[in-house]
Amino acid sequence: LMAHKSFWLLGSGRWANIIAAQLPLAFGENTIINVVTSRDPKDVMEDFSNSSVRLDTITGDVPKNLKIDTNFAIVCGSTKSNTQSVSKSILSGLNFYVEKPFSLNVTDLHSLVHNANSLNLNTYPSNVFYFQNNIYNLLFAHEKKSGRCLYDYIKFTWTDKCELDMFVGSSKYNPALTVFEDVLPHLLPIACKLIDVASLDLCSVNVDRMGQAMQLNFRAKNCEIEINIERNGEKRRRLLDLTKNGKTLNYDFSSRDGSLDYIKKYMPYNKSSYLGPLSLSLFDFVRSSNAKKISPFNNLKYTNLTLELFPKINEQYMRKIKKLSLGLDRLDAGAVLDSVVNEITARLSDKAIDCDYIDRITMHEVKQALCANYKTKH
């Protein structure tokens, strides 16, 4: 395993930089990363200057063939570019690790996975929280009987600050994604694995704070699942409450602590406890790829289930956002869209117009909803 120290890194943004900094923790300081990017190579080199890896190749586009002395590609560009990057990885015969969300379209996922399976390649969606110590112990430390629902009620609370301290470094949420697209690929796989289900029913979707906060309710077997998500909250929170027969257990998985049990069981060399969830996830990707076996930590099954739910969730999400269309009549009169959006945002918020309060994702979502509704009417 230690001989494999070369990777293709398809992407050069914030998460690519984070992953590049984690790779040498799992594979050694001489790790070689071949970066594929459409950005100016000089800018990329500056962004990666704090990483302790050797950046071997910078190229202006995804090449027709990615073959170098490695079998591994890490896809961490924009969600929109993931499909192309994964396709290139498959054509080049590379096992691939994909930063979430893998895709926003379940049909694309099915096609890519089918092509990868035909070549016996490892498809490994990012699953960082599986390796966080508390979640790892819940999911993997104790054997569970198949088909048995261990809980009556599962509740997640996920809050992001605008600037948040994630498992590695300081970063922002992705403003190009809705709050549910950003967070559900993390949480639904955990819930589904906890109760061992192959399908979920969507019960309700509630939207608050102009799309910045959501409550989603699901049902599977005899278990109800409640997921509360919020952006720009007072503090960062990652909480899990599990209820059975009226008794509730509380877990906090906000920390960056990696699982020592995983390290002891799977790592063939001595590593100390500083290895966090992301580096363990990357290590497991390479370990399972080399073994040509599906890792018990691979959440492809539940990634598929999550994406299957996205259209239903999005339909309800957009319907609730479109209630902001009270300004559409003014659009007919030639009003400027931005001024209408500002007025609606101020009217529906509990604060006066405040540029710090009305952040760009709020504006983006309101504009998107208004424009979609306007086009439908005309």
# chains A, B, ... in the order shown; residues from 1 in each chain; ligands from 1

call {"tool": "select_by_dssp", "arguments": {"residues": "range 97-318 of chain A", "states": "alpha helix (DSSP H)", "output": "PyMOL selection string"}}
result
chain A and resi 106-118+133-140+179-195+260-266+277-291+300-318

call {"tool": "residues_around", "arguments": {"residues": "Asn232 in chain A", "least_positions_apart": "2", "cutoff": "8 Å", "atoms": "only C-alpha atoms", "output": "ChimeraX atom specification"}}
result
/A:159-162,212,230,234

call {"tool": "atom_distance", "arguments": {"atom1": "CA of Leu305 in chain A", "atom2": "CA of Lys193 in chain A"}}
result
11.4 Å

call {"tool": "closest_residue", "arguments": {"among": "A:Asn206, A:Ser288, A:Thr157, A:Asn105", "to": "Leu307 in chain A", "atoms": "only C-alpha atoms"}}
result
A:Asn105

call {"tool": "residues_around", "arguments": {"residues": "Ser6 in chain A", "least_positions_apart": "5", "cutoff": "6 Å", "atoms": "only C-alpha atoms", "output": "ChimeraX atom specification"}}
result
/A:31-33,70

call {"tool": "residues_around", "arguments": {"residues": "Phe129 in chain A", "least_positions_apart": "3", "cutoff": "7 Å", "atoms": "only C-alpha atoms", "output": "mmCIF file with N, CA and C atoms, in the first residue's frame"}}
result
data_model
loop_
_atom_site.group_PDB
_atom_site.id
_atom_site.type_symbol
_atom_site.label_atom_id
_atom_site.label_comp_id
_atom_site.auth_asym_id
_atom_site.auth_seq_id
_atom_site.Cartn_x
_atom_site.Cartn_y
_atom_site.Cartn_z
ATOM 1 N N GLN A 132 -15.353 9.500 11.654
ATOM 2 C CA GLN A 132 -15.355 10.282 12.886
ATOM 3 C C GLN A 132 -15.616 9.332 14.041
ATOM 4 N N ILE A 135 -19.288 8.406 15.278
ATOM 5 C CA ILE A 135 -20.092 7.766 14.235
ATOM 6 C C ILE A 135 -19.534 6.387 13.906
ATOM 7 N N PRO A 277 -10.664 12.120 10.154
ATOM 8 C CA PRO A 277 -11.615 11.383 9.323
ATOM 9 C C PRO A 277 -11.322 11.450 7.831
#

call {"tool": "residues_around", "arguments": {"residues": "Glu224 in chain A", "least_positions_apart": "6", "cutoff": "7 Å", "atoms": "only C-alpha atoms", "output": "PDB file with N, CA, C and O atoms, in the first residue's frame"}}
result
ATOM      1  N   ASP A 152     -36.285   3.997  17.237  1.00  0.00           N
ATOM      2  CA  ASP A 152     -37.612   4.488  16.867  1.00  0.00           C
ATOM      3  C   ASP A 152     -37.526   5.848  16.191  1.00  0.00           C
ATOM      4  O   ASP A 152     -38.340   6.172  15.330  1.00  0.00           O
ATOM      5  N   TYR A 153     -36.542   6.637  16.618  1.00  0.00           N
ATOM      6  CA  TYR A 153     -36.448   8.021  16.129  1.00  0.00           C
ATOM      7  C   TYR A 153     -34.983   8.429  16.023  1.00  0.00           C
ATOM      8  O   TYR A 153     -34.208   8.225  16.961  1.00  0.00           O
ATOM      9  N   ILE A 154     -34.617   8.966  14.880  1.00  0.00           N
ATOM     10  CA  ILE A 154     -33.257   9.479  14.648  1.00  0.00           C
ATOM     11  C   ILE A 154     -33.365  10.962  14.329  1.00  0.00           C
ATOM     12  O   ILE A 154     -34.126  11.358  13.443  1.00  0.00           O
ATOM     13  N   PHE A 218     -38.273  11.902   7.275  1.00  0.00           N
ATOM     14  CA  PHE A 218     -38.311  10.678   6.483  1.00  0.00           C
ATOM     15  C   PHE A 218     -38.836   9.541   7.362  1.00  0.00           C
ATOM     16  O   PHE A 218     -38.859   9.631   8.592  1.00  0.00           O
TER      17      PHE A 218
END

call {"tool": "atom_distance", "arguments": {"atom1": "CA of Glu99 in chain A", "atom2": "CA of Ser78 in chain A"}}
result
9.2 Å

call {"tool": "atom_distance", "arguments": {"atom1": "CA of Asn120 in chain A", "atom2": "CA of Ser103 in chain A"}}
result
20.7 Å

call {"tool": "closest_residue", "arguments": {"among": "A:Ala73, A:Val183, A:Ala220, A:Ile263", "to": "Ser199 in chain A", "atoms": "only C-alpha atoms"}}
result
A:Ala220

call {"tool": "closest_residue", "arguments": {"among": "A:Leu121, A:Val207, A:Ala26, A:Ala20", "to": "Met45 in chain A", "atoms": "only C-alpha atoms"}}
result
A:Ala20

call {"tool": "select_by_dssp", "arguments": {"residues": "range 70-225 of chain A", "states": "strand (DSSP E or B)", "output": "PyMOL selection string"}}
result
chain A and resi 72-75+95-98+123-125+132+153-159+164-165+170-171+201-208+213-220+223-225

call {"tool": "write_last_selection", "arguments": {"atoms": "N, CA and C atoms", "output": "CSV table (one decimal), in the first residue's frame"}}
result
chain,number,residue,atom,x,y,z
A,72,PHE,N,-5.2,5.7,-9.1
A,72,PHE,CA,-6.1,6.4,-8.3
A,72,PHE,C,-6.4,7.8,-8.8
A,73,ALA,N,-7.7,8.2,-8.8
A,73,ALA,CA,-8.1,9.6,-9.1
A,73,ALA,C,-8.9,10.1,-8.0
A,74,ILE,N,-8.7,11.3,-7.6
A,74,ILE,CA,-9.6,12.0,-6.6
A,74,ILE,C,-10.3,13.1,-7.3
A,75,VAL,N,-11.6,13.0,-7.3
A,75,VAL,CA,-12.4,14.0,-8.0
A,75,VAL,C,-13.0,15.0,-7.0
A,95,ASN,N,-9.4,3.8,-10.4
A,95,ASN,CA,-10.3,3.9,-9.3
A,95,ASN,C,-10.5,5.3,-8.9
A,96,PHE,N,-11.7,5.7,-8.4
A,96,PHE,CA,-11.9,7.1,-8.2
A,96,PHE,C,-12.7,7.3,-6.9
A,97,TYR,N,-12.2,8.4,-6.2
A,97,TYR,CA,-12.8,8.9,-4.9
A,97,TYR,C,-13.5,10.2,-5.3
A,98,VAL,N,-14.8,10.4,-5.0
A,98,VAL,CA,-15.5,11.6,-5.4
A,98,VAL,C,-16.0,12.3,-4.2
A,123,THR,N,-15.6,2.6,-7.2
A,123,THR,CA,-16.4,3.8,-7.1
A,123,THR,C,-16.6,4.2,-5.6
A,124,TYR,N,-15.9,5.2,-5.2
A,124,TYR,CA,-15.9,5.5,-3.7
A,124,TYR,C,-16.3,6.9,-3.4
A,125,PRO,N,-17.6,7.1,-3.1
A,125,PRO,CA,-18.1,8.5,-2.8
A,125,PRO,C,-17.5,8.9,-1.4
A,132,GLN,N,-15.4,9.5,11.7
A,132,GLN,CA,-15.4,10.3,12.9
A,132,GLN,C,-15.6,9.3,14.0
A,153,TYR,N,-36.5,6.6,16.6
A,153,TYR,CA,-36.4,8.0,16.1
A,153,TYR,C,-35.0,8.4,16.0
A,154,ILE,N,-34.6,9.0,14.9
A,154,ILE,CA,-33.3,9.5,14.6
A,154,ILE,C,-33.4,11.0,14.3
A,155,LYS,N,-32.6,11.8,15.0
A,155,LYS,CA,-32.7,13.2,14.8
A,155,LYS,C,-31.2,13.8,14.6
A,156,PHE,N,-31.0,14.5,13.5
A,156,PHE,CA,-29.8,15.2,13.2
A,156,PHE,C,-30.0,16.7,13.4
A,157,THR,N,-29.0,17.3,13.9
A,157,THR,CA,-29.0,18.8,13.9
A,157,THR,C,-27.6,19.2,13.3
A,158,TRP,N,-27.7,20.0,12.2
A,158,TRP,CA,-26.5,20.4,11.5
A,158,TRP,C,-26.6,21.9,11.3
A,159,THR,N,-25.6,22.6,11.9
A,159,THR,CA,-25.6,24.1,11.8
A,159,THR,C,-24.2,24.5,11.3
A,164,LEU,N,-16.6,28.3,9.0
A,164,LEU,CA,-16.6,27.2,9.9
A,164,LEU,C,-15.4,26.4,9.9
A,165,ASP,N,-15.1,25.9,11.1
A,165,ASP,CA,-13.9,25.1,11.2
A,165,ASP,C,-14.3,23.6,11.0
A,170,SER,N,-10.0,26.0,7.8
A,170,SER,CA,-11.2,26.8,7.9
A,170,SER,C,-11.8,26.9,6.5
A,171,SER,N,-13.1,26.8,6.4
A,171,SER,CA,-13.7,26.8,5.1
A,171,SER,C,-15.2,27.3,5.1
A,201,ASP,N,-38.9,6.9,2.8
A,201,ASP,CA,-40.1,7.7,2.3
A,201,ASP,C,-39.9,9.1,2.8
A,202,LEU,N,-40.1,10.0,1.9
A,202,LEU,CA,-40.0,11.5,2.3
A,202,LEU,C,-41.4,11.8,2.8
A,203,CYS,N,-41.4,12.3,4.1
A,203,CYS,CA,-42.7,12.7,4.7
A,203,CYS,C,-43.0,14.2,4.6
A,204,SER,N,-42.0,15.0,4.9
A,204,SER,CA,-42.3,16.5,4.8
A,204,SER,C,-41.0,17.3,4.6
A,205,VAL,N,-41.2,18.5,4.1
A,205,VAL,CA,-40.0,19.4,3.8
A,205,VAL,C,-40.5,20.8,4.3
A,206,ASN,N,-39.8,21.3,5.2
A,206,ASN,CA,-40.1,22.7,5.7
A,206,ASN,C,-38.9,23.6,5.5
A,207,VAL,N,-39.2,24.8,4.9
A,207,VAL,CA,-38.1,25.7,4.6
A,207,VAL,C,-38.3,27.0,5.3
A,208,ASP,N,-37.2,27.5,5.9
A,208,ASP,CA,-37.2,28.7,6.7
A,208,ASP,C,-36.1,29.6,6.3
A,213,ALA,N,-32.5,27.6,6.1
A,213,ALA,CA,-32.8,26.5,7.1
A,213,ALA,C,-33.8,25.6,6.6
A,214,MET,N,-33.7,24.3,6.9
A,214,MET,CA,-34.7,23.3,6.5
A,214,MET,C,-34.9,22.3,7.6
A,215,GLN,N,-36.1,21.7,7.6
A,215,GLN,CA,-36.4,20.5,8.4
A,215,GLN,C,-36.9,19.5,7.5
A,216,LEU,N,-36.3,18.3,7.4
A,216,LEU,CA,-36.8,17.3,6.5
A,216,LEU,C,-37.1,16.0,7.4
A,217,ASN,N,-38.3,15.4,7.1
A,217,ASN,CA,-38.7,14.2,7.8
A,217,ASN,C,-38.8,13.0,6.9
A,218,PHE,N,-38.3,11.9,7.3
A,218,PHE,CA,-38.3,10.7,6.5
A,218,PHE,C,-38.8,9.5,7.4
A,219,ARG,N,-39.2,8.5,6.7
A,219,ARG,CA,-39.6,7.3,7.4
A,219,ARG,C,-39.1,6.0,6.7
A,220,ALA,N,-38.6,5.1,7.5
A,220,ALA,CA,-38.1,3.8,7.0
A,220,ALA,C,-38.4,2.7,8.1
A,223,CYS,N,-39.0,3.4,11.8
A,223,CYS,CA,-38.2,4.5,12.4
A,223,CYS,C,-38.5,5.8,11.6
A,224,GLU,N,-38.6,6.9,12.4
A,224,GLU,CA,-38.7,8.2,11.8
A,224,GLU,C,-37.4,8.9,11.9
A,225,ILE,N,-37.1,9.7,10.9
A,225,ILE,CA,-35.8,10.4,10.8
A,225,ILE,C,-36.1,11.9,10.6
